[in-house]
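Participant: mmCIF, N, CA and C atoms, file data-v3.cif:
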data_run
loop_
_atom_site.label_atom_id
_atom_site.label_comp_id
_atom_site.auth_asym_id
_atom_site.auth_seq_id
_atom_site.Cartn_x
_atom_site.Cartn_y
_atom_site.Cartn_z
N MET P 177 56.27 57.99 98.47
CA MET P 177 55.01 58.06 97.77
C MET P 177 54.66 59.52 97.51
N LYS P 178 54.52 59.92 96.24
CA LYS P 178 54.21 61.31 95.93
C LYS P 178 52.71 61.51 96.02
N ASN P 179 52.29 62.32 96.94
CA ASN P 179 50.87 62.61 97.15
C ASN P 179 50.66 64.11 97.21
N TYR P 180 51.45 64.85 96.43
CA TYR P 180 51.43 66.30 96.53
C TYR P 180 51.89 66.93 95.23
N SER P 181 51.59 68.21 95.08
CA SER P 181 52.14 68.97 93.96
C SER P 181 53.16 69.95 94.54
N LYS P 182 53.88 70.63 93.67
CA LYS P 182 54.87 71.60 94.14
C LYS P 182 54.19 72.87 94.66
N GLU P 183 52.95 73.11 94.24
CA GLU P 183 52.25 74.33 94.64
C GLU P 183 51.63 74.18 96.03
N MET P 184 50.45 73.61 96.09
CA MET P 184 49.74 73.44 97.36
C MET P 184 49.70 71.95 97.67
N TRP P 185 49.88 71.61 98.93
CA TRP P 185 49.92 70.22 99.35
C TRP P 185 48.54 69.78 99.78
N GLU P 186 48.16 68.56 99.40
CA GLU P 186 46.86 68.01 99.79
C GLU P 186 46.97 66.49 99.86
N ILE P 187 46.26 65.92 100.81
CA ILE P 187 46.19 64.47 100.90
C ILE P 187 44.74 64.08 101.16
N TYR P 188 44.27 63.09 100.40
CA TYR P 188 42.95 62.50 100.64
C TYR P 188 43.19 61.05 101.00
N MET P 189 42.48 60.58 102.01
CA MET P 189 42.60 59.18 102.40
C MET P 189 41.25 58.60 102.79
N HIS P 190 41.08 57.35 102.42
CA HIS P 190 39.96 56.54 102.91
C HIS P 190 40.59 55.51 103.83
N CYS P 191 40.24 55.56 105.10
CA CYS P 191 40.83 54.67 106.10
C CYS P 191 39.76 53.71 106.62
N ASN P 192 40.01 52.44 106.50
CA ASN P 192 39.10 51.43 107.04
C ASN P 192 39.38 51.25 108.53
N VAL P 193 39.17 52.33 109.25
CA VAL P 193 39.42 52.38 110.69
C VAL P 193 38.16 52.93 111.34
N LYS P 194 37.76 52.31 112.43
CA LYS P 194 36.59 52.77 113.17
C LYS P 194 36.90 54.11 113.84
N PRO P 195 36.08 55.16 113.59
CA PRO P 195 36.31 56.44 114.27
C PRO P 195 36.24 56.25 115.79
N LEU P 196 37.12 56.93 116.51
CA LEU P 196 37.17 56.81 117.96
C LEU P 196 36.75 58.13 118.61
N SER P 197 35.71 58.07 119.41
CA SER P 197 35.23 59.24 120.13
C SER P 197 36.26 59.67 121.17
N ILE P 198 36.36 60.97 121.39
CA ILE P 198 37.25 61.48 122.42
C ILE P 198 36.85 60.92 123.79
N ASN P 199 35.58 60.59 123.97
CA ASN P 199 35.09 60.03 125.24
C ASN P 199 35.71 58.66 125.54
N ALA P 200 36.07 57.93 124.48
CA ALA P 200 36.65 56.59 124.65
C ALA P 200 38.18 56.61 124.60
N ALA P 201 38.76 57.77 124.36
CA ALA P 201 40.21 57.85 124.14
C ALA P 201 41.04 57.83 125.42
N TYR P 202 40.46 58.25 126.51
CA TYR P 202 41.23 58.38 127.76
C TYR P 202 40.51 57.69 128.91
N THR P 203 41.31 57.24 129.87
CA THR P 203 40.76 56.67 131.10
C THR P 203 40.41 57.82 132.04
N LEU P 204 39.84 57.48 133.17
CA LEU P 204 39.47 58.52 134.15
C LEU P 204 40.69 59.29 134.65
N LYS P 205 41.86 58.66 134.60
CA LYS P 205 43.08 59.31 135.07
C LYS P 205 43.82 60.02 133.93
N ARG P 206 43.12 60.30 132.81
CA ARG P 206 43.67 61.00 131.65
C ARG P 206 44.86 60.29 131.02
N LYS P 207 44.82 58.97 131.07
CA LYS P 207 45.82 58.16 130.37
C LYS P 207 45.16 57.61 129.12
N LYS P 208 45.96 57.38 128.09
CA LYS P 208 45.41 56.83 126.86
C LYS P 208 44.79 55.47 127.13
N SER P 209 43.61 55.27 126.59
CA SER P 209 42.93 53.98 126.75
C SER P 209 43.50 52.97 125.74
N ALA P 210 43.21 51.70 125.95
CA ALA P 210 43.63 50.65 125.03
C ALA P 210 43.00 50.89 123.65
N LYS P 211 41.76 51.38 123.62
CA LYS P 211 41.10 51.67 122.35
C LYS P 211 41.83 52.78 121.59
N TYR P 212 42.31 53.78 122.33
CA TYR P 212 43.04 54.88 121.68
C TYR P 212 44.38 54.41 121.14
N ARG P 213 45.09 53.58 121.89
CA ARG P 213 46.36 53.05 121.41
C ARG P 213 46.16 52.21 120.14
N LYS P 214 45.07 51.42 120.11
CA LYS P 214 44.74 50.62 118.92
C LYS P 214 44.40 51.55 117.75
N PHE P 215 43.64 52.60 118.02
CA PHE P 215 43.30 53.58 116.97
C PHE P 215 44.57 54.21 116.39
N GLU P 216 45.50 54.60 117.25
CA GLU P 216 46.77 55.18 116.80
C GLU P 216 47.54 54.19 115.92
N ASP P 217 47.60 52.93 116.34
CA ASP P 217 48.31 51.90 115.57
C ASP P 217 47.64 51.67 114.22
N ASP P 218 46.30 51.59 114.22
CA ASP P 218 45.56 51.37 112.97
C ASP P 218 45.77 52.53 112.00
N MET P 219 45.73 53.74 112.52
CA MET P 219 45.93 54.92 111.66
C MET P 219 47.37 54.99 111.15
N ALA P 220 48.33 54.59 111.97
CA ALA P 220 49.74 54.59 111.53
C ALA P 220 49.91 53.65 110.33
N LEU P 221 49.23 52.51 110.34
CA LEU P 221 49.29 51.59 109.20
C LEU P 221 48.69 52.23 107.95
N GLU P 222 47.62 52.99 108.12
CA GLU P 222 46.97 53.66 106.98
C GLU P 222 47.86 54.80 106.44
N LEU P 223 48.51 55.53 107.34
CA LEU P 223 49.29 56.71 106.96
C LEU P 223 50.71 56.38 106.51
N PHE P 224 51.15 55.15 106.73
CA PHE P 224 52.52 54.77 106.40
C PHE P 224 52.84 55.12 104.95
N GLY P 225 53.96 55.81 104.75
CA GLY P 225 54.40 56.17 103.41
C GLY P 225 53.99 57.56 102.97
N TYR P 226 53.11 58.20 103.72
CA TYR P 226 52.66 59.55 103.37
C TYR P 226 53.41 60.56 104.23
N GLU P 227 53.78 61.66 103.61
CA GLU P 227 54.50 62.71 104.33
C GLU P 227 54.30 64.05 103.64
N VAL P 228 54.58 65.10 104.36
CA VAL P 228 54.62 66.43 103.77
C VAL P 228 55.90 66.49 102.96
N PRO P 229 55.86 67.09 101.78
CA PRO P 229 57.08 67.16 100.96
C PRO P 229 58.25 67.74 101.75
N PRO P 230 59.43 67.16 101.63
CA PRO P 230 60.57 67.59 102.44
C PRO P 230 61.01 69.03 102.19
N HIS P 231 60.69 69.59 101.02
CA HIS P 231 61.09 70.96 100.73
C HIS P 231 60.14 72.00 101.32
N ARG P 232 59.08 71.55 101.99
CA ARG P 232 58.08 72.47 102.55
C ARG P 232 58.36 72.74 104.02
N ASP P 233 58.13 73.96 104.45
CA ASP P 233 58.27 74.35 105.85
C ASP P 233 56.94 74.12 106.55
N ILE P 234 56.80 72.98 107.20
CA ILE P 234 55.52 72.59 107.80
C ILE P 234 55.02 73.60 108.83
N LYS P 235 55.93 74.24 109.54
CA LYS P 235 55.54 75.19 110.60
C LYS P 235 54.87 76.44 110.04
N SER P 236 55.11 76.77 108.78
CA SER P 236 54.51 77.97 108.21
C SER P 236 53.25 77.67 107.40
N MET P 237 52.91 76.39 107.25
CA MET P 237 51.74 76.01 106.47
C MET P 237 50.46 76.15 107.30
N ARG P 238 49.34 76.40 106.63
CA ARG P 238 48.02 76.44 107.23
C ARG P 238 47.15 75.44 106.47
N PHE P 239 46.17 74.86 107.17
CA PHE P 239 45.41 73.76 106.59
C PHE P 239 43.91 73.91 106.81
N LYS P 240 43.17 73.21 105.95
CA LYS P 240 41.76 72.93 106.22
C LYS P 240 41.62 71.42 106.24
N LEU P 241 40.71 70.93 107.06
CA LEU P 241 40.49 69.50 107.21
C LEU P 241 39.02 69.21 106.95
N GLU P 242 38.78 68.34 105.98
CA GLU P 242 37.42 67.89 105.68
C GLU P 242 37.34 66.41 106.04
N ILE P 243 36.34 66.06 106.82
CA ILE P 243 36.21 64.69 107.33
C ILE P 243 34.82 64.15 107.01
N HIS P 244 34.77 62.90 106.62
CA HIS P 244 33.49 62.21 106.50
C HIS P 244 33.63 60.88 107.24
N TRP P 245 32.79 60.70 108.24
CA TRP P 245 32.82 59.49 109.07
C TRP P 245 31.80 58.50 108.54
N GLY P 246 32.14 57.23 108.60
CA GLY P 246 31.17 56.16 108.41
C GLY P 246 30.97 55.51 109.78
N PHE P 247 29.84 55.81 110.40
CA PHE P 247 29.55 55.32 111.75
C PHE P 247 28.63 54.10 111.70
N ALA P 248 28.70 53.29 112.74
CA ALA P 248 27.84 52.11 112.86
C ALA P 248 26.43 52.48 113.27
N THR P 249 26.26 53.64 113.90
CA THR P 249 24.95 54.04 114.40
C THR P 249 24.73 55.53 114.22
N SER P 250 23.48 55.91 114.10
CA SER P 250 23.15 57.34 113.96
C SER P 250 23.30 58.08 115.28
N LEU P 251 23.51 57.36 116.38
CA LEU P 251 23.67 58.00 117.69
C LEU P 251 25.06 58.62 117.87
N SER P 252 26.00 58.29 117.00
CA SER P 252 27.35 58.85 117.10
C SER P 252 27.34 60.33 116.74
N ASP P 253 27.98 61.14 117.58
CA ASP P 253 28.08 62.58 117.33
C ASP P 253 29.15 62.83 116.28
N VAL P 254 28.86 63.73 115.36
CA VAL P 254 29.78 64.03 114.27
C VAL P 254 31.07 64.70 114.76
N ASP P 255 31.01 65.37 115.92
CA ASP P 255 32.18 66.11 116.40
C ASP P 255 33.07 65.33 117.37
N ASN P 256 32.58 64.27 117.98
CA ASN P 256 33.36 63.58 119.02
C ASN P 256 34.69 62.98 118.56
N PRO P 257 34.80 62.42 117.36
CA PRO P 257 36.10 61.83 116.98
C PRO P 257 37.08 62.81 116.34
N ILE P 258 36.70 64.06 116.19
CA ILE P 258 37.58 65.02 115.51
C ILE P 258 38.93 65.13 116.22
N LYS P 259 38.92 65.29 117.51
CA LYS P 259 40.17 65.50 118.25
C LYS P 259 41.10 64.30 118.17
N THR P 260 40.56 63.09 118.24
CA THR P 260 41.44 61.91 118.15
C THR P 260 42.09 61.81 116.77
N LEU P 261 41.32 62.07 115.71
CA LEU P 261 41.90 62.07 114.36
C LEU P 261 42.93 63.19 114.22
N LEU P 262 42.59 64.36 114.69
CA LEU P 262 43.49 65.51 114.59
C LEU P 262 44.81 65.25 115.33
N ASP P 263 44.73 64.64 116.49
CA ASP P 263 45.95 64.33 117.25
C ASP P 263 46.85 63.36 116.50
N VAL P 264 46.26 62.35 115.88
CA VAL P 264 47.04 61.38 115.11
C VAL P 264 47.67 62.07 113.89
N LEU P 265 46.90 62.88 113.19
CA LEU P 265 47.42 63.56 111.99
C LEU P 265 48.55 64.52 112.34
N GLN P 266 48.39 65.26 113.43
CA GLN P 266 49.45 66.22 113.77
C GLN P 266 50.73 65.52 114.21
N ARG P 267 50.61 64.39 114.87
CA ARG P 267 51.82 63.64 115.23
C ARG P 267 52.49 63.05 113.99
N TRP P 268 51.68 62.53 113.06
CA TRP P 268 52.24 61.90 111.88
C TRP P 268 52.91 62.92 110.95
N PHE P 269 52.19 64.02 110.67
CA PHE P 269 52.70 65.01 109.71
C PHE P 269 53.51 66.12 110.37
N LYS P 270 53.62 66.08 111.70
CA LYS P 270 54.45 67.01 112.48
C LYS P 270 54.04 68.47 112.34
N PHE P 271 52.73 68.73 112.40
CA PHE P 271 52.24 70.10 112.46
C PHE P 271 51.55 70.30 113.79
N ASP P 272 51.18 71.52 114.10
CA ASP P 272 50.47 71.84 115.33
C ASP P 272 49.00 72.06 114.97
N ASP P 273 48.08 71.57 115.79
CA ASP P 273 46.67 71.71 115.43
C ASP P 273 46.20 73.16 115.37
N LYS P 274 46.97 74.09 115.89
CA LYS P 274 46.60 75.51 115.74
C LYS P 274 46.77 75.97 114.29
N GLN P 275 47.44 75.17 113.46
CA GLN P 275 47.61 75.48 112.05
C GLN P 275 46.38 75.11 111.22
N ILE P 276 45.43 74.42 111.83
CA ILE P 276 44.17 74.10 111.15
C ILE P 276 43.28 75.33 111.25
N MET P 277 42.93 75.88 110.11
CA MET P 277 42.13 77.10 110.06
C MET P 277 40.65 76.82 109.83
N ASN P 278 40.33 75.62 109.33
CA ASN P 278 38.95 75.29 109.01
C ASN P 278 38.78 73.78 109.12
N ILE P 279 37.69 73.36 109.77
CA ILE P 279 37.35 71.94 109.86
C ILE P 279 35.88 71.79 109.48
N SER P 280 35.60 70.81 108.62
CA SER P 280 34.21 70.46 108.35
C SER P 280 34.08 68.94 108.50
N ALA P 281 32.94 68.52 109.03
CA ALA P 281 32.73 67.09 109.28
C ALA P 281 31.30 66.71 108.94
N SER P 282 31.14 65.51 108.40
CA SER P 282 29.82 64.96 108.11
C SER P 282 29.86 63.47 108.40
N LYS P 283 28.69 62.85 108.44
CA LYS P 283 28.64 61.42 108.78
C LYS P 283 27.62 60.69 107.93
N THR P 284 27.83 59.38 107.83
CA THR P 284 26.92 58.45 107.19
C THR P 284 26.82 57.24 108.12
N VAL P 285 25.65 56.66 108.19
CA VAL P 285 25.47 55.43 108.98
C VAL P 285 25.69 54.25 108.03
N VAL P 286 26.67 53.41 108.36
CA VAL P 286 27.06 52.32 107.47
C VAL P 286 26.85 50.94 108.08
N GLY P 287 26.61 50.86 109.36
CA GLY P 287 26.42 49.57 110.00
C GLY P 287 27.69 49.06 110.67
N LYS P 288 27.49 48.20 111.63
CA LYS P 288 28.59 47.66 112.43
C LYS P 288 29.57 46.87 111.56
N GLY P 289 30.85 47.13 111.76
CA GLY P 289 31.90 46.45 111.02
C GLY P 289 32.27 47.12 109.71
N GLN P 290 31.52 48.14 109.31
CA GLN P 290 31.78 48.85 108.04
C GLN P 290 32.29 50.27 108.27
N GLU P 291 32.63 50.61 109.51
CA GLU P 291 33.03 51.97 109.85
C GLU P 291 34.28 52.40 109.08
N TYR P 292 34.38 53.70 108.84
CA TYR P 292 35.55 54.22 108.12
C TYR P 292 35.73 55.71 108.44
N ILE P 293 36.87 56.21 108.00
CA ILE P 293 37.19 57.64 108.08
C ILE P 293 37.70 58.06 106.70
N ASP P 294 37.06 59.04 106.10
CA ASP P 294 37.57 59.71 104.91
C ASP P 294 38.02 61.08 105.34
N PHE P 295 39.20 61.49 104.92
CA PHE P 295 39.59 62.87 105.22
C PHE P 295 40.43 63.45 104.10
N THR P 296 40.35 64.75 103.99
CA THR P 296 41.20 65.51 103.08
C THR P 296 41.84 66.60 103.90
N LEU P 297 43.16 66.60 103.93
CA LEU P 297 43.94 67.64 104.60
C LEU P 297 44.57 68.48 103.48
N THR P 298 44.20 69.75 103.43
CA THR P 298 44.60 70.62 102.34
C THR P 298 45.34 71.83 102.86
N GLU P 299 46.48 72.12 102.26
CA GLU P 299 47.17 73.37 102.57
C GLU P 299 46.38 74.52 101.96
N ILE P 300 46.23 75.58 102.72
CA ILE P 300 45.51 76.76 102.22
C ILE P 300 46.41 77.99 102.31
N GLN P 301 46.10 78.96 101.48
CA GLN P 301 46.78 80.25 101.58
C GLN P 301 46.16 80.99 102.76
N HIS P 302 46.98 81.56 103.61
CA HIS P 302 46.46 82.27 104.78
C HIS P 302 47.39 83.42 105.10
N THR P 303 46.79 84.55 105.40
CA THR P 303 47.58 85.68 105.88
C THR P 303 47.10 86.01 107.28
N GLU P 304 48.02 86.43 108.11
CA GLU P 304 47.70 86.70 109.51
C GLU P 304 46.72 87.85 109.68
N ASN P 305 46.64 88.75 108.72
CA ASN P 305 45.78 89.92 108.90
C ASN P 305 44.37 89.71 108.34
N GLN P 306 43.98 88.47 108.07
CA GLN P 306 42.61 88.20 107.68
C GLN P 306 41.71 88.30 108.91
N GLY P 307 40.48 88.70 108.71
CA GLY P 307 39.54 88.76 109.83
C GLY P 307 39.55 90.13 110.48
N VAL P 308 38.94 90.21 111.64
CA VAL P 308 38.80 91.47 112.37
C VAL P 308 40.04 91.71 113.20
N PRO P 309 40.69 92.87 113.03
CA PRO P 309 41.88 93.16 113.84
C PRO P 309 41.54 93.21 115.33
N TYR P 310 42.50 92.80 116.15
CA TYR P 310 42.31 92.83 117.59
C TYR P 310 41.97 94.24 118.04
N GLY P 311 40.97 94.37 118.89
CA GLY P 311 40.58 95.67 119.43
C GLY P 311 39.66 96.46 118.54
N LYS P 312 39.31 95.93 117.37
CA LYS P 312 38.46 96.64 116.42
C LYS P 312 37.09 96.00 116.27
N ARG P 313 36.72 95.17 117.20
CA ARG P 313 35.43 94.48 117.09
C ARG P 313 34.30 95.47 117.35
N SER P 314 33.25 95.27 116.62
CA SER P 314 32.08 96.14 116.75
C SER P 314 30.98 95.35 117.45
N ILE P 315 30.77 95.64 118.69
CA ILE P 315 29.73 94.96 119.47
C ILE P 315 28.84 96.04 120.07
N SER P 316 27.55 95.91 119.81
CA SER P 316 26.64 96.91 120.37
C SER P 316 25.90 96.31 121.55
N LYS P 317 25.63 97.15 122.53
CA LYS P 317 24.91 96.71 123.73
C LYS P 317 23.45 96.50 123.42
N ALA P 318 22.88 95.46 124.02
CA ALA P 318 21.45 95.25 123.90
C ALA P 318 20.72 96.31 124.70
N GLN P 319 19.71 96.88 124.13
CA GLN P 319 18.95 97.95 124.79
C GLN P 319 17.78 97.38 125.55
#
Output the structure of this file as structure tokens.
Facilitator:
Amino acid sequence: MKNYSKEMWEIYMHCNVKPLSINAAYTLKRKKSAKYRKFEDDMALELFGYEVPPHRDIKSMRFKLEIHWGFATSLSDVDNPIKTLLDVLQRWFKFDDKQIMNISASKTVVGKGQEYIDFTLTEIQHTENQGVPYGKRSISKAQ
């Protein structure tokens, strides 16, 4: 399935999968919970057929991730399911989450049974010397 251009790679998906909070992903003994295993299986069905183009060096790519959650309740935190989604995406597309340079997340309340995950994973141009060089930070003491 071609979901990319030869220049910059991007994938947008609407997944009819209930977002899973990191709080529900593991048992007290740090083992994957049954809910997390189901989430992984559900996401694998959604992601089936999608891949990074074979001619691309995934280890040298940098990404931004934009997420929009459809939650059943307004009590759900917008940041709690980020790690579970990120873990599934990095296993599927075989990148390391340290390659994500920017994440943005938003939510909508949709009601029970209507939950979803929309995400866009976009390759971005990145150079290592962006930002403040190590040891050159300017911090002034409070007087």
Participant: Have a look at CA of Glu222 in chain P and CA of Met189 in chain P and let me know their distance in Å, one decimal.
Facilitator: 8.4 Å
Participant: Using all atoms listed in the file, determine which residues lie at most 8 Å from Phe271 in chain P, disregarding the query and same-chain residues fewer than 6 positions distant; provide the list as an mmCIF file with N, CA and C atoms, keeping the file's coordinate frame.
Facilitator:
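Generated output (out_2.cif):
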data_model
loop_
_atom_site.group_PDB
_atom_site.id
_atom_site.type_symbol
_atom_site.label_atom_id
_atom_site.label_comp_id
_atom_site.auth_asym_id
_atom_site.auth_seq_id
_atom_site.Cartn_x
_atom_site.Cartn_y
_atom_site.Cartn_z
ATOM 1 N N ILE P 234 56.800 72.980 107.200
ATOM 2 C CA ILE P 234 55.520 72.590 107.800
ATOM 3 C C ILE P 234 55.020 73.600 108.830
ATOM 4 N N LYS P 235 55.930 74.240 109.540
ATOM 5 C CA LYS P 235 55.540 75.190 110.600
ATOM 6 C C LYS P 235 54.870 76.440 110.040
ATOM 7 N N LEU P 265 46.900 62.880 113.190
ATOM 8 C CA LEU P 265 47.420 63.560 111.990
ATOM 9 C C LEU P 265 48.550 64.520 112.340
#
Participant: Provide the atom C of Ala220 in chain P to CA of Arg267 in chain P distance in Å, to one decimal place.
Facilitator: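 So the two atoms, atom C of Ala220 in chain P and CA of Arg267 in chain P, lie 11.3 Å apart.
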Participant: What's the separation between CA of Glu186 in chain P and atom C of Asp273 in chain P, in Å to one decimal place?
Facilitator: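 Between these atoms lies a distance of 16.4 Å.
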Participant: Can you pull out every residue within 8 Å of Phe239 in chain P, counting all atoms listed in the file, but drop anything in the same chain fewer than 2 positions away, and send it as an mmCIF file with N, CA and C atoms, in the coordinates of the input?
Facilitator:
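Produced file out-v2.cif, reproduced below:
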data_model
loop_
_atom_site.group_PDB
_atom_site.id
_atom_site.type_symbol
_atom_site.label_atom_id
_atom_site.label_comp_id
_atom_site.auth_asym_id
_atom_site.auth_seq_id
_atom_site.Cartn_x
_atom_site.Cartn_y
_atom_site.Cartn_z
ATOM 1 N N SER P 236 55.110 76.770 108.780
ATOM 2 C CA SER P 236 54.510 77.970 108.210
ATOM 3 C C SER P 236 53.250 77.670 107.400
ATOM 4 N N MET P 237 52.910 76.390 107.250
ATOM 5 C CA MET P 237 51.740 76.010 106.470
ATOM 6 C C MET P 237 50.460 76.150 107.300
ATOM 7 N N LEU P 241 40.710 70.930 107.060
ATOM 8 C CA LEU P 241 40.490 69.500 107.210
ATOM 9 C C LEU P 241 39.020 69.210 106.950
ATOM 10 N N GLU P 242 38.780 68.340 105.980
ATOM 11 C CA GLU P 242 37.420 67.890 105.680
ATOM 12 C C GLU P 242 37.340 66.410 106.040
ATOM 13 N N LYS P 274 46.970 74.090 115.890
ATOM 14 C CA LYS P 274 46.600 75.510 115.740
ATOM 15 C C LYS P 274 46.770 75.970 114.290
ATOM 16 N N GLN P 275 47.440 75.170 113.460
ATOM 17 C CA GLN P 275 47.610 75.480 112.050
ATOM 18 C C GLN P 275 46.380 75.110 111.220
ATOM 19 N N ILE P 276 45.430 74.420 111.830
ATOM 20 C CA ILE P 276 44.170 74.100 111.150
ATOM 21 C C ILE P 276 43.280 75.330 111.250
ATOM 22 N N MET P 277 42.930 75.880 110.110
ATOM 23 C CA MET P 277 42.130 77.100 110.060
ATOM 24 C C MET P 277 40.650 76.820 109.830
ATOM 25 N N ASN P 278 40.330 75.620 109.330
ATOM 26 C CA ASN P 278 38.950 75.290 109.010
ATOM 27 C C ASN P 278 38.780 73.780 109.120
ATOM 28 N N ILE P 279 37.690 73.360 109.770
ATOM 29 C CA ILE P 279 37.350 71.940 109.860
ATOM 30 C C ILE P 279 35.880 71.790 109.480
ATOM 31 N N LEU P 297 43.160 66.600 103.930
ATOM 32 C CA LEU P 297 43.940 67.640 104.600
ATOM 33 C C LEU P 297 44.570 68.480 103.480
ATOM 34 N N THR P 298 44.200 69.750 103.430
ATOM 35 C CA THR P 298 44.600 70.620 102.340
ATOM 36 C C THR P 298 45.340 71.830 102.860
ATOM 37 N N GLU P 299 46.480 72.120 102.260
ATOM 38 C CA GLU P 299 47.170 73.370 102.570
ATOM 39 C C GLU P 299 46.380 74.520 101.960
ATOM 40 N N ILE P 300 46.230 75.580 102.720
ATOM 41 C CA ILE P 300 45.510 76.760 102.220
ATOM 42 C C ILE P 300 46.410 77.990 102.310
ATOM 43 N N GLN P 301 46.100 78.960 101.480
ATOM 44 C CA GLN P 301 46.780 80.250 101.580
ATOM 45 C C GLN P 301 46.160 80.990 102.760
ATOM 46 N N HIS P 302 46.980 81.560 103.610
ATOM 47 C CA HIS P 302 46.460 82.270 104.780
ATOM 48 C C HIS P 302 47.390 83.420 105.100
#
Participant: Do a neighbour search on Asp253 in chain P at 9 Å with only C-alpha atoms, toss out local chain neighbours closer than 4 positions, and write the hits as a ChimeraX atom specification.
Facilitator: /P:197,257,283
Participant: Looking at all atoms listed in the file, which of P:Ala210, P:Met219, P:Leu251, P:Leu261 is the one that sits closest to Asn192 in chain P?
Facilitator: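 Distance minimum relative to Asn192 in chain P lands on P:Met219.
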Participant: Taking only chain P into account, list the residues labelled strand (DSSP E or B) by DSSP (computed from the backbone), as a PyMOL selection string.
Facilitator: chain P and resi 186-191+202+208+238-247+276-285+292-300
Participant: Please determine, counting only C-alpha atoms, which residue among P:Tyr202, P:Phe295, P:Phe247, P:Trp268 has the shortest atom-to-atom distance to Ser280 in chain P.
Facilitator: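 Nearest to Ser280 in chain P: P:Phe295.
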Participant: Identify the residues around (50.0, 62.2, 105.6) within a radius of 6.5 Å, measuring from all atoms listed in the file in the coordinates stated by the file, and give them as a short mmCIF file (atom, residue, chain, number, x, y, z; two decimals) with N, CA and C atoms, keeping the file's coordinate frame.
Facilitator:
data_model
loop_
_atom_site.label_atom_id
_atom_site.label_comp_id
_atom_site.auth_asym_id
_atom_site.auth_seq_id
_atom_site.Cartn_x
_atom_site.Cartn_y
_atom_site.Cartn_z
N ILE P 187 46.26 65.92 100.81
CA ILE P 187 46.19 64.47 100.90
C ILE P 187 44.74 64.08 101.16
N LEU P 223 48.51 55.53 107.34
CA LEU P 223 49.29 56.71 106.96
C LEU P 223 50.71 56.38 106.51
N TYR P 226 53.11 58.20 103.72
CA TYR P 226 52.66 59.55 103.37
C TYR P 226 53.41 60.56 104.23
N GLU P 227 53.78 61.66 103.61
CA GLU P 227 54.50 62.71 104.33
C GLU P 227 54.30 64.05 103.64
N VAL P 228 54.58 65.10 104.36
CA VAL P 228 54.62 66.43 103.77
C VAL P 228 55.90 66.49 102.96
N TRP P 268 51.68 62.53 113.06
CA TRP P 268 52.24 61.90 111.88
C TRP P 268 52.91 62.92 110.95
N PHE P 269 52.19 64.02 110.67
CA PHE P 269 52.70 65.01 109.71
C PHE P 269 53.51 66.12 110.37
#
Participant: Neighbouring residues of Ile293 in chain P were defined as those with any atom within 7 Å, considering all atoms listed in the file; residues of the same chain fewer than 4 positions away were excluded. Please report them as a list in words.
Facilitator: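 Here the answer would be Met189, His190, Cys191, Asn192, Val193, Lys194, Pro195, Ile243, His244, Trp245 and Gly246 of chain P.
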Participant: Which residue, P:Thr260, P:Thr284, P:Thr296, P:Thr249, has the smallest gap to Phe215 in chain P when you use only C-alpha atoms?
Facilitator: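 With only C-alpha atoms as the atom set, the closest residue is P:Thr260.
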Participant: Taking only C-alpha atoms into account, which of P:Val264, P:Ser250, P:Lys211, P:Asp272 comes nearest Leu196 in chain P?
Facilitator: P:Lys211
Participant: I'd like to see the residues matched by the PyMOL selection byres ((chain P and resi 290) around 6.5) on this file, and ideally I'd get them as a list in words.
Facilitator: Gly246, Phe247, Ala248, Val286, Gly287, Lys288, Gly289, Glu291 and Tyr292 of chain P
